[in-house]
Each structure stands twice: as C-alpha cells, then as structure tokens.
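Below is my_file.txt, which holds compact mmCIF, C-alpha atoms.
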# COMPACT_ATOMS: atom_id res chain seq x y z
CA MET A 143 -5.57 -1.92 -14.96
CA ARG A 144 -6.07 -5.65 -14.88
CA LYS A 145 -6.45 -8.11 -12.04
CA LEU A 146 -3.46 -10.40 -11.82
CA TYR A 147 -4.42 -12.34 -8.73
CA PHE A 148 -7.34 -12.56 -6.33
CA VAL A 149 -6.60 -13.35 -2.70
CA ASP A 150 -8.99 -15.97 -1.39
CA ARG A 151 -8.60 -15.59 2.36
CA THR A 152 -10.76 -18.67 2.95
CA LYS A 153 -7.91 -20.91 1.77
CA PRO A 154 -5.35 -21.89 4.40
CA ASP A 155 -2.36 -21.15 2.13
CA TRP A 156 -3.65 -17.79 0.85
CA ARG A 157 -0.71 -15.78 2.20
CA GLU A 158 1.94 -17.97 0.54
CA ALA A 159 0.06 -17.82 -2.78
CA TRP A 160 -0.29 -14.04 -2.48
CA LEU A 161 3.42 -13.61 -1.72
CA LYS A 162 4.28 -15.78 -4.74
CA ALA A 163 2.02 -13.68 -6.99
CA ARG A 164 3.69 -10.47 -5.74
CA LYS A 165 7.07 -11.77 -6.95
CA GLN A 166 5.85 -11.53 -10.54
CA GLY A 167 6.58 -7.82 -10.67
CA LEU A 168 7.25 -4.53 -8.91
CA GLY A 169 4.66 -3.37 -6.41
CA GLY A 170 4.10 -0.08 -4.64
CA SER A 171 6.18 -1.04 -1.61
CA ASP A 172 9.06 -2.00 -3.94
CA ILE A 173 9.25 1.36 -5.73
CA ALA A 174 10.82 3.28 -2.85
CA ALA A 175 13.60 0.67 -2.64
CA VAL A 176 14.18 0.69 -6.41
CA CYS A 177 14.41 4.51 -6.36
CA GLY A 178 16.71 4.54 -3.33
CA TYR A 179 14.15 6.11 -0.95
CA SER A 180 13.67 3.16 1.40
CA ARG A 181 15.45 2.90 4.74
CA TYR A 182 14.84 -0.85 4.80
CA LYS A 183 15.81 -2.24 1.41
CA GLY A 184 17.62 -1.21 -1.75
CA PRO A 185 17.39 -2.22 -5.41
CA LEU A 186 19.58 -5.28 -4.84
CA GLY A 187 17.28 -6.48 -2.06
CA ILE A 188 14.30 -6.19 -4.43
CA TYR A 189 16.15 -8.11 -7.14
CA LEU A 190 17.12 -10.89 -4.74
CA ASP A 191 13.58 -11.12 -3.41
CA LYS A 192 11.95 -11.26 -6.86
CA THR A 193 14.42 -13.84 -8.19
CA ASP A 194 14.20 -16.09 -5.11
CA LYS A 195 17.90 -15.76 -4.34
CA GLU A 196 19.18 -16.38 -0.84
CA LEU A 197 18.12 -13.64 1.51
CA PRO A 198 19.02 -13.37 5.15
CA GLU A 199 16.17 -14.75 7.22
CA GLU A 200 13.84 -11.94 8.23
CA LYS A 201 13.34 -11.33 11.90
CA GLU A 202 9.91 -10.72 13.34
CA ASN A 203 8.80 -7.24 12.35
CA ILE A 204 6.48 -5.97 15.06
CA ALA A 205 6.11 -2.55 13.38
CA ALA A 206 4.81 -4.11 10.13
CA GLU A 207 2.52 -6.46 12.05
CA LEU A 208 1.14 -3.56 14.09
CA GLY A 209 0.57 -1.56 10.90
CA LEU A 210 -1.58 -4.37 9.48
CA GLU A 211 -3.52 -4.70 12.73
CA LEU A 212 -4.23 -0.96 12.78
CA GLU A 213 -5.55 -0.76 9.18
CA PRO A 214 -9.22 -1.27 10.18
CA PHE A 215 -8.88 1.43 12.87
CA LEU A 216 -7.25 3.86 10.42
CA SER A 217 -9.98 3.11 7.87
CA ARG A 218 -12.68 4.02 10.38
CA LYS A 219 -10.84 7.22 11.38
CA PHE A 220 -10.36 8.23 7.73
CA THR A 221 -14.05 7.65 6.98
CA LYS A 222 -14.97 9.85 9.97
CA TRP A 223 -12.43 12.50 8.91
CA MET A 224 -13.93 12.63 5.40
CA MET A 225 -17.35 13.26 6.95
CA ASP A 226 -16.05 15.87 9.42
CA GLN A 227 -13.68 17.69 7.04
CA GLU A 228 -15.27 17.33 3.62
CA GLY A 229 -18.87 16.51 4.55
CA LEU A 230 -18.65 13.28 2.55
CA GLU A 231 -20.02 9.93 3.54
CA ILE A 232 -17.74 7.49 1.77
CA ASP A 233 -17.82 3.75 1.29
CA LEU A 234 -14.23 2.65 1.84
CA HIS A 235 -13.40 -0.66 0.14
CA GLU A 236 -10.69 -3.22 0.80
CA MET A 237 -9.06 -4.73 -2.26
CA ASP A 238 -7.86 -8.31 -2.20
CA ASP A 239 -6.71 -8.28 -5.82
CA ILE A 240 -3.19 -7.73 -7.03
CA LEU A 241 -3.63 -5.24 -9.84
CA GLN A 242 -1.49 -5.13 -12.96
CA HIS A 243 -0.77 -2.27 -15.36
CA ASP A 244 -2.67 -2.46 -18.66
CA THR A 245 0.43 -2.70 -20.83
CA ILE A 246 3.42 -3.41 -18.55
CA ASP A 247 2.96 -6.84 -17.00
CA TYR A 248 5.48 -6.48 -14.19
CA PHE A 249 3.96 -3.23 -12.85
CA LEU A 250 1.81 -4.43 -9.93
CA VAL A 251 0.01 -2.91 -6.98
CA ASN A 252 -1.92 -3.88 -3.87
CA LEU A 253 -4.22 -1.19 -2.51
CA ASP A 254 -4.89 -0.84 1.19
CA ARG A 255 -8.27 0.77 0.49
CA TRP A 256 -10.10 2.73 -2.22
CA PHE A 257 -13.33 4.69 -2.65
CA ILE A 258 -15.22 6.79 -5.16
CA HIS A 259 -15.10 10.51 -4.46
CA PRO A 260 -18.14 12.36 -5.89
CA GLU A 261 -15.94 15.00 -7.57
CA ARG A 262 -12.54 13.34 -7.99
CA GLY A 263 -13.65 9.84 -8.99
CA GLU A 264 -11.84 6.73 -7.82
CA CYS A 265 -9.24 7.34 -5.11
CA VAL A 266 -6.55 5.15 -3.58
CA VAL A 267 -6.08 5.23 0.18
CA GLU A 268 -2.70 4.20 1.58
CA LEU A 269 -2.63 3.55 5.33
CA LYS A 270 0.58 4.02 7.32
CA THR A 271 1.68 3.92 10.93
CA THR A 272 4.91 5.34 12.29
CA THR A 273 6.51 6.24 15.60
CA GLU A 274 6.90 9.56 17.31
CA TYR A 275 10.57 9.49 16.25
CA ASN A 276 9.44 10.05 12.63
CA LYS A 277 6.78 12.69 13.22
CA GLU A 278 8.96 15.58 11.96
CA LYS A 279 9.02 13.88 8.54
CA TRP A 280 5.24 14.37 8.37
CA GLU A 281 4.96 17.95 9.68
CA GLY A 282 3.08 20.48 7.58
CA ASP A 283 2.75 19.30 4.00
CA ASN A 284 5.77 16.99 4.22
CA VAL A 285 5.42 13.41 3.05
CA PRO A 286 8.43 11.06 3.09
CA ASP A 287 9.55 10.21 -0.46
CA GLU A 288 9.14 6.48 0.14
CA TYR A 289 5.41 6.89 0.79
CA TYR A 290 4.82 9.59 -1.82
CA SER A 291 6.38 7.36 -4.48
CA GLN A 292 4.19 4.45 -3.38
CA VAL A 293 0.98 6.47 -3.83
CA GLN A 294 2.18 7.78 -7.20
CA TRP A 295 2.84 4.18 -8.27
CA GLN A 296 -0.67 3.18 -7.18
CA LEU A 297 -2.14 6.01 -9.25
CA LEU A 298 -0.07 4.96 -12.27
CA ILE A 299 -1.23 1.34 -12.13
CA THR A 300 -4.90 2.00 -11.35
CA GLY A 301 -5.38 5.07 -13.52
CA PHE A 302 -7.14 6.73 -10.56
CA LYS A 303 -6.72 10.51 -10.36
CA CYS A 304 -6.83 10.88 -6.58
CA GLY A 305 -4.87 9.46 -3.67
CA TYR A 306 -4.98 9.86 0.09
CA LEU A 307 -2.14 8.98 2.42
CA VAL A 308 -3.40 8.35 5.95
CA VAL A 309 -0.80 8.21 8.72
CA LEU A 310 -1.02 7.46 12.41
CA VAL A 311 1.96 8.75 14.36
Reformat the file's structure so that it appears as structure tokens.
Amino acid sequence: MRKLYFVDRTKPDWREAWLKARKQGLGGSDIAAVCGYSRYKGPLGIYLDKTDKELPEEKENIAAELGLELEPFLSRKFTKWMMDQEGLEIDLHEMDDILQHDTIDYFLVNLDRWFIHPERGECVVELKTTTEYNKEKWEGDNVPDEYYSQVQWQLLITGFKCGYLVVLV
C-alpha cells in the first residue's frame, strides 16, 4: 500500500482537499454501491460523484454526522472489549492518510482505526453505528454485505490479514 494523500487537519480547507483526493479512485465506502449492496447509492451515483457530474444537492445527514461523532466512543469501547475478551492491551491508531493499492492507482481506502495484534499482525478496525431498526441484520454472526465488502476492500488495499467490524446499535 502507498499513501496517496495526508489529511492535515490544521489547515482550514482540509475537508475539501480530502474530499477532492477521494475522488481519484474507489474507496471502501464506494465498493458496496458498485457491487449493488448499498441502500443509499448505486454504481451510477458513484460514477457521477467521481466525475463531478451534477448530483442532487445532499440534505443534512444526521446519521452520518452522529456516526463520526461516536467514533472516539466506539474506539474506547473496542479497546476495553479487547482487554476484557482477549486479554490484549492494544494501541488503537487513527489514520489520516488516504491509502492506495500498490499496483492499482484507483483502489483507495480510508481506515477508521488500525492496530497491531500480537498474533494476527496489523488489523483494520471499521466503526459503524446503526439504529434499532437494523439490529436483526447484525444478529448472531450476520454482517450486512455493504459493511463486509468494505472491510474486505480495506484488507485488499492495506495487505493486512485481520479486520474488526465494530457496531453500535
């Protein structure tokens, strides 16, 4: 994996620059739409977004905003869970870089978090929030295809062998 872009959050226009860099390829959140798994966007929506074609103006998305706000909380809970369940004290890292596949330039990924597992090596951690209306999709060993495909994409780009999907219902 290579670093395509580093997000410098000290700059006032960091978000616009980050969004522009993301348009250079397909990221983990795009894969579900390309594969037809997303409830929110399809392949045409991804194409229009990446090629800067006219898109309907997006309305405020409280669910997405809440998900971002809850990432630090979920990170703390996951770190505690790893200690309680696996007896591991982990150092969970944020990643501000947009990562790029070694040989396919338009394969990109942003990781929510990552850490080094003593036995499994480097692991991606994808953090999700959902409502009670979706809890049956997560029961038992079930993982919605849109999120499973995102983690698989992250593993492909990074070369990591381990991924965790953390969800707050």
For this session: Compile the contact shell of Leu250 of chain A as a list in words: residues with an atom at most 9 Å away, counting only C-alpha atoms, same-chain residues fewer than 5 positions apart removed.
Result: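 Residues near the query, excluding close chain neighbours: Leu146, Arg164, Gln166, Gly167, Leu168, Gly169, Gly170, Ile240, Leu241, Gln242, His243, Trp295, Gln296 and Ile299 of chain A.
For the pair atom CA of Thr273 of chain A and atom CA of Asp287 of chain A, the separation is 16.8 Å.
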Problem set entry | From A:Leu269, A:Leu216, A:Ile232, A:Val285, residue lying nearest Phe257 of chain A [all atoms listed in the file] | A:Ile232
For this session: Kindly give the distance, in Å, that separates atom CA of Pro260 of chain A and atom CA of Ser217 of chain A, rounded to a single decimal.
Result: 18.5 Å
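Comparing A:Asn252, A:Lys279, A:Val309, A:Gly209 by their smallest distance to Gln292 of chain A, the closest is A:Asn252 (using all atoms listed in the file).
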For this session: Compile the contact shell of Val267 of chain A as a ChimeraX atom specification: residues with an atom at most 7 Å away, counting all atoms listed in the file, same-chain residues fewer than 5 positions apart removed.
Result: /A:254-256,305-307
Exercise. Atom CA of Cys177 of chain A and atom CA of Leu310 of chain A, how far apart in Å?
Worked result: 24.5 Å
Counting only C-alpha atoms, select every polymer residue within 8 Å of (-13.6, 5.5, -4.2) as defined in the file's coordinates, and provide the selection as a short mmCIF file (atom, residue, chain, number, x, y, z; two decimals) with C-alpha atoms, keeping the file's coordinate frame.
data_model
loop_
_atom_site.label_atom_id
_atom_site.label_comp_id
_atom_site.auth_asym_id
_atom_site.auth_seq_id
_atom_site.Cartn_x
_atom_site.Cartn_y
_atom_site.Cartn_z
CA ILE A 232 -17.74 7.49 1.77
CA ASP A 233 -17.82 3.75 1.29
CA LEU A 234 -14.23 2.65 1.84
CA HIS A 235 -13.40 -0.66 0.14
CA TRP A 256 -10.10 2.73 -2.22
CA PHE A 257 -13.33 4.69 -2.65
CA ILE A 258 -15.22 6.79 -5.16
CA HIS A 259 -15.10 10.51 -4.46
CA GLY A 263 -13.65 9.84 -8.99
CA GLU A 264 -11.84 6.73 -7.82
CA CYS A 265 -9.24 7.34 -5.11
CA VAL A 266 -6.55 5.15 -3.58
#
For this session: Go through A:Thr271, A:Glu231, A:Asp172, A:Glu288 one by one, measure the shortest atom-to-atom distance of each to Ala206 of chain A using all atoms listed in the file, and give the residue with the smallest value.
Result: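 Nearest to Ala206 of chain A: A:Thr271.
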Exercise. Of the residues A:Ser171, A:Val149, A:Gln227, A:Met143, which is the one nearest to Ile246 of chain A, using all atoms listed in the file?
Worked result: A:Met143
For this session: Using only C-alpha atoms, find all polymer residues with an atom at most 10 Å away from the point (13.3, -0.7, 7.4); report them as number ranges by chain.
Result: A: 180-183, 203, 205-206
Kindly list the centre and edge lengths in Å, rounded to one decimal, for the axis-aligned box that covers all listed atoms of segment 287-292 of chain A plus 3 Å on each of its six sides, as lines of an AutoDock Vina configuration file.
center_x = 6.9
center_y = 7.3
center_z = -1.8
size_x = 11.4
size_y = 11.8
size_z = 11.3
For this session: Go through A:Leu230, A:Thr272, A:Asp238, A:Thr300 one by one, measure the shortest atom-to-atom distance of each to Pro286 of chain A using all atoms listed in the file, and give the residue with the smallest value.
Result: A:Thr272
Seminar exercise, completed: Min atom-atom distance to Glu274 of chain A from the set A:Leu186, A:Cys304, A:Val251, A:Val311, counting all atoms listed in the file, belongs to A:Val311
Problem set entry | Shell around Pro185 of chain A at 9 Å using only C-alpha atoms, local window under 2 positions removed, as a list in words | Asp172, Ile173, Ala174, Ala175, Val176, Cys177, Gly178, Lys183, Gly187, Ile188, Tyr189 and Leu190 of chain A
